[in-house]
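Asker: Sharing run_8.txt (compact mmCIF, C-alpha atoms) below.
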```txt
# COMPACT_ATOMS: atom_id res chain seq x y z
CA MET A 1 3.62 -2.85 -17.65
CA TYR A 2 2.02 -6.24 -16.99
CA ASP A 3 3.80 -9.57 -16.77
CA PRO A 4 1.39 -12.47 -17.39
CA SER A 5 3.93 -14.87 -15.90
CA SER A 6 3.97 -12.94 -12.63
CA PRO A 7 3.98 -15.16 -9.53
CA MET A 8 1.07 -13.06 -8.31
CA LEU A 9 -1.13 -14.90 -10.80
CA ARG A 10 -2.74 -18.07 -9.52
CA SER A 11 -3.47 -20.86 -11.98
CA GLY A 12 -6.81 -22.59 -12.24
CA LEU A 13 -7.92 -24.57 -15.27
CA SER A 14 -11.03 -26.63 -15.81
CA ASP A 15 -10.74 -30.27 -16.80
CA GLY A 16 -11.03 -29.23 -20.44
CA GLY A 17 -7.97 -27.01 -20.18
CA LEU A 18 -10.01 -23.80 -20.25
CA PRO A 19 -10.07 -21.33 -17.38
CA SER A 20 -12.77 -22.18 -14.85
CA PRO A 21 -15.14 -19.41 -13.68
CA ASP A 22 -13.22 -19.20 -10.41
CA ALA A 23 -9.94 -18.98 -12.32
CA LYS A 24 -11.31 -16.16 -14.47
CA SER A 25 -12.29 -14.29 -11.33
CA ARG A 26 -8.85 -14.84 -9.78
CA PHE A 27 -7.17 -13.69 -12.98
CA ALA A 28 -9.21 -10.47 -12.87
CA GLU A 29 -8.26 -9.93 -9.22
CA ASP A 30 -4.57 -10.48 -9.96
CA ARG A 31 -4.75 -8.29 -13.06
CA MET A 32 -6.27 -5.43 -11.11
CA LEU A 33 -3.74 -5.83 -8.28
CA ALA A 34 -0.84 -5.81 -10.74
CA ALA A 35 -2.27 -2.69 -12.42
CA THR A 36 -2.50 -1.01 -9.02
CA ILE A 37 1.05 -1.91 -7.99
CA TRP A 38 2.47 -0.78 -11.34
CA CYS A 39 0.42 2.46 -11.14
CA GLU A 40 -1.44 1.67 -14.36
CA ILE A 41 -4.32 2.68 -12.13
CA ALA A 42 -2.96 5.88 -10.63
CA PRO A 43 -3.00 6.42 -6.86
CA GLY A 44 -6.12 8.37 -5.94
CA GLU A 45 -7.81 7.56 -9.27
CA VAL A 46 -11.50 6.67 -9.24
CA ILE A 47 -12.24 3.68 -11.44
CA THR A 48 -15.62 2.19 -12.34
CA GLU A 49 -16.59 -1.29 -13.47
CA ALA A 50 -17.00 0.06 -17.00
CA ASP A 51 -13.48 1.55 -16.87
CA ALA A 52 -12.02 -1.76 -15.73
CA MET A 53 -13.89 -3.66 -18.43
CA GLU A 54 -12.59 -1.38 -21.18
CA ARG A 55 -9.02 -0.97 -19.95
CA PHE A 56 -8.30 -4.57 -18.98
CA GLY A 57 -10.60 -6.53 -21.28
CA LEU A 58 -12.70 -7.97 -18.45
CA SER A 59 -16.33 -9.01 -18.27
CA ARG A 60 -18.56 -7.02 -15.93
CA ALA A 61 -18.59 -9.85 -13.38
CA ALA A 62 -14.79 -10.14 -13.51
CA ALA A 63 -14.32 -6.37 -13.23
CA ARG A 64 -16.64 -6.29 -10.22
CA ALA A 65 -14.76 -9.16 -8.58
CA GLY A 66 -11.41 -7.46 -9.19
CA LEU A 67 -12.54 -4.13 -7.75
CA MET A 68 -14.17 -5.79 -4.74
CA ARG A 69 -10.94 -7.66 -4.06
CA LEU A 70 -8.98 -4.41 -4.16
CA GLY A 71 -11.45 -3.03 -1.64
CA PHE A 72 -11.27 -6.10 0.60
CA ASP A 73 -7.46 -5.92 0.70
CA GLY A 74 -7.42 -2.17 1.41
CA TRP A 75 -6.14 -1.04 -1.99
CA ALA A 76 -9.33 0.87 -2.85
CA SER A 77 -12.46 2.20 -1.20
CA PRO A 78 -15.97 2.52 -2.66
CA LYS A 79 -17.31 5.96 -3.52
CA ALA A 80 -21.09 6.21 -3.73
CA ARG A 81 -22.31 6.61 -7.34
CA MET A 82 -18.72 7.16 -8.49
CA GLY A 83 -16.78 3.90 -8.40
CA TRP A 84 -13.72 2.84 -6.43
CA GLU A 85 -10.99 5.23 -5.32
CA VAL A 86 -7.54 3.67 -5.37
CA LEU A 87 -5.53 4.26 -2.21
CA PRO A 88 -3.60 7.54 -2.58
CA ILE A 89 0.10 7.65 -1.79
CA THR A 90 0.80 10.00 1.10
CA GLY A 91 3.76 10.71 3.33
CA GLN A 92 1.97 8.95 6.18
CA LEU A 93 1.40 5.83 4.08
CA ILE A 94 5.08 5.74 3.11
CA GLY A 95 6.11 6.13 6.74
CA ASP A 96 3.68 3.47 7.93
CA VAL A 97 4.85 0.95 5.31
CA LEU A 98 8.53 1.48 6.14
CA SER A 99 7.88 1.31 9.89
CA ALA A 100 5.92 -1.92 9.52
CA ARG A 101 8.67 -3.43 7.40
CA ARG A 102 11.27 -2.59 10.05
CA ILE A 103 9.19 -4.61 12.52
CA VAL A 104 8.34 -7.59 10.31
CA GLU A 105 11.30 -7.96 7.96
CA PRO A 106 13.97 -8.90 10.55
CA GLY A 107 12.00 -12.14 10.93
CA LEU A 108 13.61 -13.25 7.67
CA ALA A 109 16.89 -13.50 9.57
CA HIS A 110 15.86 -16.90 10.89
CA VAL A 111 14.90 -18.56 7.60
CA ARG A 112 16.32 -21.99 6.86
CA LEU A 113 16.27 -22.66 3.14
CA THR A 114 16.41 -26.13 1.60
CA ASP A 115 19.51 -27.21 -0.27
CA ALA A 116 17.60 -26.80 -3.55
CA ALA A 117 16.58 -23.24 -2.61
CA LEU A 118 20.15 -22.37 -1.63
CA THR A 119 21.42 -23.68 -4.97
CA GLU A 120 18.81 -21.64 -6.82
CA MET A 121 19.79 -18.54 -4.85
CA GLU A 122 23.45 -19.01 -5.82
CA GLN A 123 22.45 -19.33 -9.48
CA ILE A 124 20.33 -16.18 -9.31
CA HIS A 125 23.20 -14.35 -7.65
CA ASP A 126 25.53 -15.30 -10.51
CA ILE A 127 23.01 -13.88 -12.98
CA LEU A 128 22.73 -10.69 -10.94
CA LYS A 129 26.50 -10.21 -10.97
CA ALA A 130 26.43 -10.25 -14.77
CA LEU A 131 23.42 -7.93 -14.94
CA SER A 132 24.97 -5.44 -12.52
CA ARG A 133 27.43 -4.43 -15.21
CA GLY A 134 24.58 -2.94 -17.24
CA GLY A 135 23.42 0.49 -16.18
CA ASP A 136 20.42 1.02 -18.46
CA ASN A 137 16.79 0.74 -17.48
CA ALA A 138 16.43 -2.68 -19.10
CA ALA A 139 19.21 -4.01 -16.88
CA VAL A 140 17.56 -2.49 -13.80
CA SER A 141 14.26 -4.18 -14.69
CA ALA A 142 16.01 -7.53 -15.17
CA VAL A 143 17.78 -7.13 -11.82
CA ARG A 144 14.46 -6.46 -10.11
CA LEU A 145 12.92 -9.57 -11.62
CA HIS A 146 15.70 -11.79 -10.29
CA VAL A 147 15.82 -10.05 -6.91
CA ASP A 148 12.09 -10.75 -6.63
CA ARG A 149 12.93 -14.43 -7.05
CA ILE A 150 15.36 -14.21 -4.13
CA ASP A 151 12.73 -12.49 -2.00
CA GLY A 152 10.26 -15.20 -3.04
CA LEU A 153 12.60 -17.92 -1.82
CA LEU A 154 12.84 -16.18 1.55
CA LEU A 155 9.08 -15.74 1.80
CA GLY A 156 8.57 -19.42 1.05
CA ALA A 157 10.61 -20.35 4.11
CA ILE A 158 8.53 -18.46 6.71
CA ASN A 159 5.05 -19.13 8.03
CA PRO A 160 2.25 -18.31 5.56
CA PHE A 161 0.60 -15.65 7.74
CA THR A 162 3.79 -13.61 8.11
CA ALA A 163 4.62 -14.18 4.44
CA ARG A 164 1.25 -12.80 3.33
CA HIS A 165 1.65 -9.71 5.50
CA LEU A 166 5.21 -9.08 4.33
CA ARG A 167 4.29 -9.64 0.67
CA LYS A 168 1.62 -6.96 0.96
CA LEU A 169 4.14 -4.54 2.51
CA TRP A 170 6.52 -5.25 -0.37
CA HIS A 171 3.69 -4.62 -2.83
CA HIS A 172 3.09 -1.24 -1.18
CA SER A 173 6.81 -0.44 -1.38
CA ALA A 174 6.87 -1.44 -5.06
CA ARG A 175 3.88 0.78 -5.83
CA ILE A 176 5.45 3.74 -4.01
CA THR A 177 8.69 3.16 -5.92
CA HIS A 178 6.96 2.98 -9.31
CA PHE A 179 4.93 6.09 -8.52
CA LEU A 180 7.93 8.16 -7.42
CA GLU A 181 10.08 6.97 -10.29
CA GLY A 182 7.41 7.97 -12.81
CA ASP A 183 9.15 9.41 -15.84
CA SER A 184 11.84 11.12 -13.72
CA GLY A 185 14.61 8.99 -15.18
CA THR A 186 15.89 8.34 -11.65
CA LEU A 187 15.34 4.68 -10.81
CA PHE A 188 15.78 3.03 -7.44
CA ARG A 189 18.68 0.56 -7.63
CA ARG A 190 19.18 -2.17 -5.04
CA ASP A 191 22.74 -2.70 -3.88
CA ASP A 192 22.03 -4.98 -0.91
CA VAL A 193 21.75 -8.27 -2.78
CA SER A 194 25.33 -9.57 -2.46
CA ASP A 195 25.37 -8.96 1.30
CA LEU A 196 21.95 -10.59 1.64
CA VAL A 197 22.82 -13.69 -0.40
CA GLY A 198 26.14 -14.09 1.38
CA ALA A 199 24.44 -13.90 4.77
CA VAL A 200 21.76 -16.41 3.76
CA LEU A 201 24.30 -18.90 2.40
CA GLN A 202 26.35 -18.60 5.59
CA ARG A 203 23.23 -18.80 7.77
CA ASP A 204 24.28 -15.49 9.32
CA ALA A 205 21.10 -14.23 11.01
CA ALA A 206 22.61 -10.91 12.03
CA GLY A 207 23.91 -10.36 8.49
CA ILE A 208 20.47 -11.09 6.98
CA GLU A 209 18.85 -8.61 9.33
CA ARG A 210 21.45 -5.94 8.54
CA ALA A 211 20.94 -6.44 4.80
CA ARG A 212 17.16 -6.17 5.05
CA LEU A 213 17.26 -3.06 7.23
CA ALA A 214 19.87 -1.50 4.94
CA LEU A 215 17.48 -1.99 2.02
CA ILE A 216 14.65 -0.27 3.91
CA ASP A 217 16.96 2.63 4.81
CA ALA A 218 18.03 2.96 1.16
CA GLN A 219 14.42 2.99 -0.02
CA GLU A 220 13.54 5.62 2.57
CA ARG A 221 16.36 7.86 1.33
CA TYR A 222 15.22 7.38 -2.26
CA PHE A 223 11.59 8.14 -1.40
CA LEU A 224 12.65 11.31 0.41
CA ARG A 225 14.83 12.51 -2.47
CA GLN A 226 12.02 11.94 -4.95
CA LEU A 227 9.43 13.63 -2.74
CA LEU A 228 11.63 16.71 -2.41
CA LYS A 229 11.65 16.97 -6.22
CA ASN A 230 7.86 16.71 -6.42
CA ASP A 231 6.15 20.04 -7.10
CA ALA A 232 2.63 18.78 -6.37
CA PRO A 233 0.85 20.91 -3.72
CA LEU A 234 -0.17 19.45 -0.40
CA MET A 235 -3.85 18.58 -0.51
CA PRO A 236 -6.38 19.34 2.24
CA GLY A 237 -6.39 16.53 4.77
CA SER A 238 -2.68 15.77 4.44
CA GLY A 239 0.38 16.79 6.40
CA LEU A 240 0.28 20.12 8.25
CA ALA A 241 -3.19 20.92 6.93
CA ALA A 242 -4.62 17.82 8.63
CA ARG A 243 -2.81 18.57 11.90
CA ASN A 244 -3.96 22.21 11.89
CA ASN A 245 -7.55 21.17 11.21
CA HIS A 246 -7.36 18.67 14.07
CA ASP A 247 -5.91 21.28 16.44
CA ASN A 248 -8.58 23.83 15.46
CA ALA A 249 -11.36 21.30 15.96
CA ALA A 250 -10.02 20.41 19.40
CA THR A 251 -9.86 24.10 20.35
CA ASN A 252 -13.46 24.63 19.25
CA ARG A 253 -14.63 21.72 21.39
CA ARG A 254 -13.15 23.17 24.60
CA PRO A 255 -15.61 24.74 27.05
CA GLN A 256 -15.58 28.53 26.81
```
Represent the structure of the file as structure tokens.

Answerer:
Amino acid sequence: MYDPSSPMLRSGLSDGGLPSPDAKSRFAEDRMLAATIWCEIAPGEVITEADAMERFGLSRAAARAGLMRLGFDGWASPKARMGWEVLPITGQLIGDVLSARRIVEPGLAHVRLTDAALTEMEQIHDILKALSRGGDNAAVSAVRLHVDRIDGLLLGAINPFTARHLRKLWHHSARITHFLEGDSGTLFRRDDVSDLVGAVLQRDAAGIERARLALIDAQERYFLRQLLKNDAPLMPGSGLAARNNHDNAATNRRPQ
């Protein structure tokens, strides 16, 4: 699923109203990032420039720029004579993302939104109340879209460096969620929004922090439940296998 109106896309038109070369490159980078987050490109998949050209309708130069950007931002790594391997999703990655969010996200407790932003947040909250009465997948998708707008308002009120770091952590969380949802029919549903909006409107720093940490805890529980339903075998280099290999290597290095 790809939303061309996504805020991840950055505009850039030439004077004639046509996309400039730089804008075309940025579009390719955003398109590839969106495909990675939405798991159109599966975690662990190896993708080549030719694959990207065919699947996403990109020129070779744009496909190369998109893949290189994924590599630069840590979403993929080059494989000699093979292409680019998209970052796999592992238990350690999930744990690292959640741990980092628990450190960074409480910083949102001290945001001070403008009056216009507060008004917009109230309007979004009213829409969410109406959407919450729908339990189908379409309603869940609509809720996520509007919750993303709330998160965007909060990000816009903190310093750009922290915002960029937190946005990337949220992208990782979104990718993990999409991957674990798959076609299971069990979607992750956020129920923290009313508490969060109420705390923001009341400038309640402790309430904002509680709401953000409650969301992370809820996502962790969802990830765990979905992982326990997954029948995929542990691969070499992950979990206990990696620890056992490390312990064996350390034993072999000891003087006899």

Asker: Between atom CA of Ile176 of chain A and atom CA of Ile158 of chain A, what is the distance in Å, rounded to a tenth?

Answerer: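 Distance between the two atoms: 24.8 Å.
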
Asker: Closest to His171 of chain A among A:Val46, A:Leu108, A:Met32, A:Val97, using only C-alpha atoms?

Answerer: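 Among A:Val46, A:Leu108, A:Met32, A:Val97, it is A:Val97 that comes nearest to His171 of chain A.
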
Asker: Out of A:Thr119, A:Thr186, A:Thr90, A:Asn159, which residue has the shortest atom-to-atom distance to Gly44 of chain A when counting only C-alpha atoms?

Answerer: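 Ranking A:Thr119, A:Thr186, A:Thr90, A:Asn159 by distance to Gly44 of chain A, first place goes to A:Thr90.
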
Asker: Residues near segment 179-183 of chain A, anyone? I mean within 8 Å using all atoms listed in the file, not counting same-chain ones fewer than 5 positions away, as a VMD selection string.

Answerer: chain A and resid 38 to 39 188 223 226 to 227

Asker: Could you take the residues named above and write them with C-alpha atoms, as a CSV table (one decimal), in the coordinates of the input?

Answerer:
```
chain,number,residue,atom,x,y,z
A,38,TRP,CA,2.5,-0.8,-11.3
A,39,CYS,CA,0.4,2.5,-11.1
A,188,PHE,CA,15.8,3.0,-7.4
A,223,PHE,CA,11.6,8.1,-1.4
A,226,GLN,CA,12.0,11.9,-5.0
A,227,LEU,CA,9.4,13.6,-2.7
```

Asker: Using only C-alpha atoms, what residues lie at most 12 Å away from (16.5, 0.5, -17.7) (file coordinates), given as a PyMOL selection string?

Answerer: chain A and resi 131-132+134-144+181+183+185-189

Asker: Have a look at atom CA of Ile89 of chain A and atom CA of Ile208 of chain A and let me know their distance in Å, one decimal.

Answerer: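 We find that atom CA of Ile89 of chain A and atom CA of Ile208 of chain A lie 29.0 Å from each other.
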
Asker: Hey, which of A:Leu58, A:Asp30, A:Thr36, A:Val104 ends up closest to His165 of chain A? Count all atoms listed in the file.

Answerer: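 Of A:Leu58, A:Asp30, A:Thr36, A:Val104, the one nearest His165 of chain A is A:Val104, counting all atoms listed in the file.
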
Asker: For each of A:Leu98, A:Ala116, A:Leu33, A:Leu201, take the minimum atom-to-atom distance to Ala52 of chain A, counting all atoms listed in the file, then give the residue where this is smallest.

Answerer: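 Going through A:Leu98, A:Ala116, A:Leu33, A:Leu201 one by one, the smallest distance to Ala52 of chain A is for A:Leu33.
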
Asker: In Å, with one decimal, what is the gap from atom CA of Ile216 of chain A to atom CA of Arg31 of chain A?

Answerer: 27.0 Å

Asker: For each of A:Arg101, A:Ala42, A:Val111, A:Ala28, take the minimum atom-to-atom distance to Leu215 of chain A, counting only C-alpha atoms, then give the residue where this is smallest.

Answerer: A:Arg101

Asker: Tell me which of A:Leu166, A:Val193, A:Leu70, A:Leu93 sits closest to Pro106 of chain A, counting only C-alpha atoms.

Answerer: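 Using only C-alpha atoms, Pro106 of chain A sits closest to A:Leu166.
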
Asker: Using all atoms listed in the file, which protein or nucleic acid residues come within 9 Å of segment 146-153 of chain A? Drop anything in the same chain fewer than 2 positions from it, and give the result as a list of chain:residue names.

Answerer: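 The filter keeps A:Leu113, A:Ala117, A:Leu118, A:Glu120, A:Met121, A:Ile124, A:His125, A:Ile127, A:Leu128, A:Ser141, A:Ala142, A:Val143, A:Arg144, A:Leu155, A:Gly156, A:Ala157, A:Arg167, A:Arg190, A:Val193, A:Val197.
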
Asker: When you get a chance, write out all heavy atoms for segment 104-115 of chain A, as a compact mmCIF listing (two decimals), in the frame of the given file.

Answerer:
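Output below, filename selection-v5.txt:
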```
# COMPACT_ATOMS: atom_id res chain seq x y z
N VAL A 104 8.60 -6.24 10.82
CA VAL A 104 8.34 -7.59 10.31
C VAL A 104 9.55 -8.21 9.63
O VAL A 104 9.85 -9.40 9.81
CB VAL A 104 7.14 -7.57 9.33
CG1 VAL A 104 6.88 -8.97 8.77
CG2 VAL A 104 5.90 -7.02 10.02
N GLU A 105 10.28 -7.42 8.84
CA GLU A 105 11.30 -7.96 7.96
C GLU A 105 12.47 -8.63 8.67
O GLU A 105 13.02 -9.61 8.15
CB GLU A 105 11.80 -6.87 7.02
CG GLU A 105 12.19 -7.38 5.66
CD GLU A 105 11.97 -6.36 4.55
OE1 GLU A 105 10.97 -5.63 4.58
OE2 GLU A 105 12.84 -6.31 3.66
N PRO A 106 12.88 -8.18 9.87
CA PRO A 106 13.97 -8.90 10.55
C PRO A 106 13.65 -10.37 10.81
O PRO A 106 14.56 -11.17 11.05
CB PRO A 106 14.14 -8.12 11.86
CG PRO A 106 13.74 -6.72 11.49
CD PRO A 106 12.57 -6.91 10.55
N GLY A 107 12.35 -10.74 10.76
CA GLY A 107 12.00 -12.14 10.93
C GLY A 107 12.59 -13.05 9.87
O GLY A 107 12.73 -14.27 10.08
N LEU A 108 12.97 -12.46 8.73
CA LEU A 108 13.61 -13.25 7.67
C LEU A 108 14.99 -13.72 8.08
O LEU A 108 15.57 -14.60 7.43
CB LEU A 108 13.71 -12.42 6.38
CG LEU A 108 12.39 -12.07 5.69
CD1 LEU A 108 12.65 -11.11 4.54
CD2 LEU A 108 11.68 -13.31 5.20
N ALA A 109 15.54 -13.13 9.14
CA ALA A 109 16.89 -13.50 9.57
C ALA A 109 16.98 -14.95 10.00
O ALA A 109 18.07 -15.54 10.03
CB ALA A 109 17.35 -12.58 10.71
N HIS A 110 15.85 -15.55 10.34
CA HIS A 110 15.86 -16.90 10.89
C HIS A 110 15.38 -17.95 9.90
O HIS A 110 15.07 -19.08 10.29
CB HIS A 110 15.01 -16.94 12.16
CG HIS A 110 15.42 -15.92 13.18
ND1 HIS A 110 16.60 -16.02 13.89
CD2 HIS A 110 14.83 -14.76 13.58
CE1 HIS A 110 16.71 -14.97 14.70
NE2 HIS A 110 15.67 -14.19 14.52
N VAL A 111 15.34 -17.60 8.60
CA VAL A 111 14.90 -18.56 7.60
C VAL A 111 15.94 -19.67 7.47
O VAL A 111 17.14 -19.45 7.67
CB VAL A 111 14.68 -17.90 6.23
CG1 VAL A 111 13.58 -16.87 6.30
CG2 VAL A 111 15.96 -17.29 5.70
N ARG A 112 15.45 -20.85 7.13
CA ARG A 112 16.32 -21.99 6.86
C ARG A 112 15.89 -22.56 5.52
O ARG A 112 14.90 -23.29 5.43
CB ARG A 112 16.22 -23.05 7.97
CG ARG A 112 16.84 -22.61 9.29
CD ARG A 112 18.36 -22.47 9.16
NE ARG A 112 18.99 -22.08 10.41
CZ ARG A 112 19.24 -20.83 10.76
NH1 ARG A 112 18.88 -19.84 9.96
NH2 ARG A 112 19.84 -20.57 11.89
N LEU A 113 16.63 -22.22 4.47
CA LEU A 113 16.27 -22.66 3.14
C LEU A 113 16.72 -24.10 2.89
O LEU A 113 17.70 -24.57 3.47
CB LEU A 113 16.92 -21.75 2.10
CG LEU A 113 16.50 -20.27 2.12
CD1 LEU A 113 17.18 -19.52 0.98
CD2 LEU A 113 15.00 -20.12 2.02
N THR A 114 16.01 -24.79 2.01
CA THR A 114 16.41 -26.13 1.60
C THR A 114 17.67 -26.05 0.74
O THR A 114 18.03 -24.98 0.24
CB THR A 114 15.29 -26.80 0.79
OG1 THR A 114 15.10 -26.06 -0.42
CG2 THR A 114 13.99 -26.82 1.58
N ASP A 115 18.31 -27.18 0.57
CA ASP A 115 19.51 -27.21 -0.27
C ASP A 115 19.18 -26.76 -1.70
O ASP A 115 19.96 -26.05 -2.33
CB ASP A 115 20.12 -28.61 -0.30
CG ASP A 115 20.75 -28.99 1.04
OD1 ASP A 115 21.03 -28.08 1.85
OD2 ASP A 115 20.95 -30.20 1.28
```
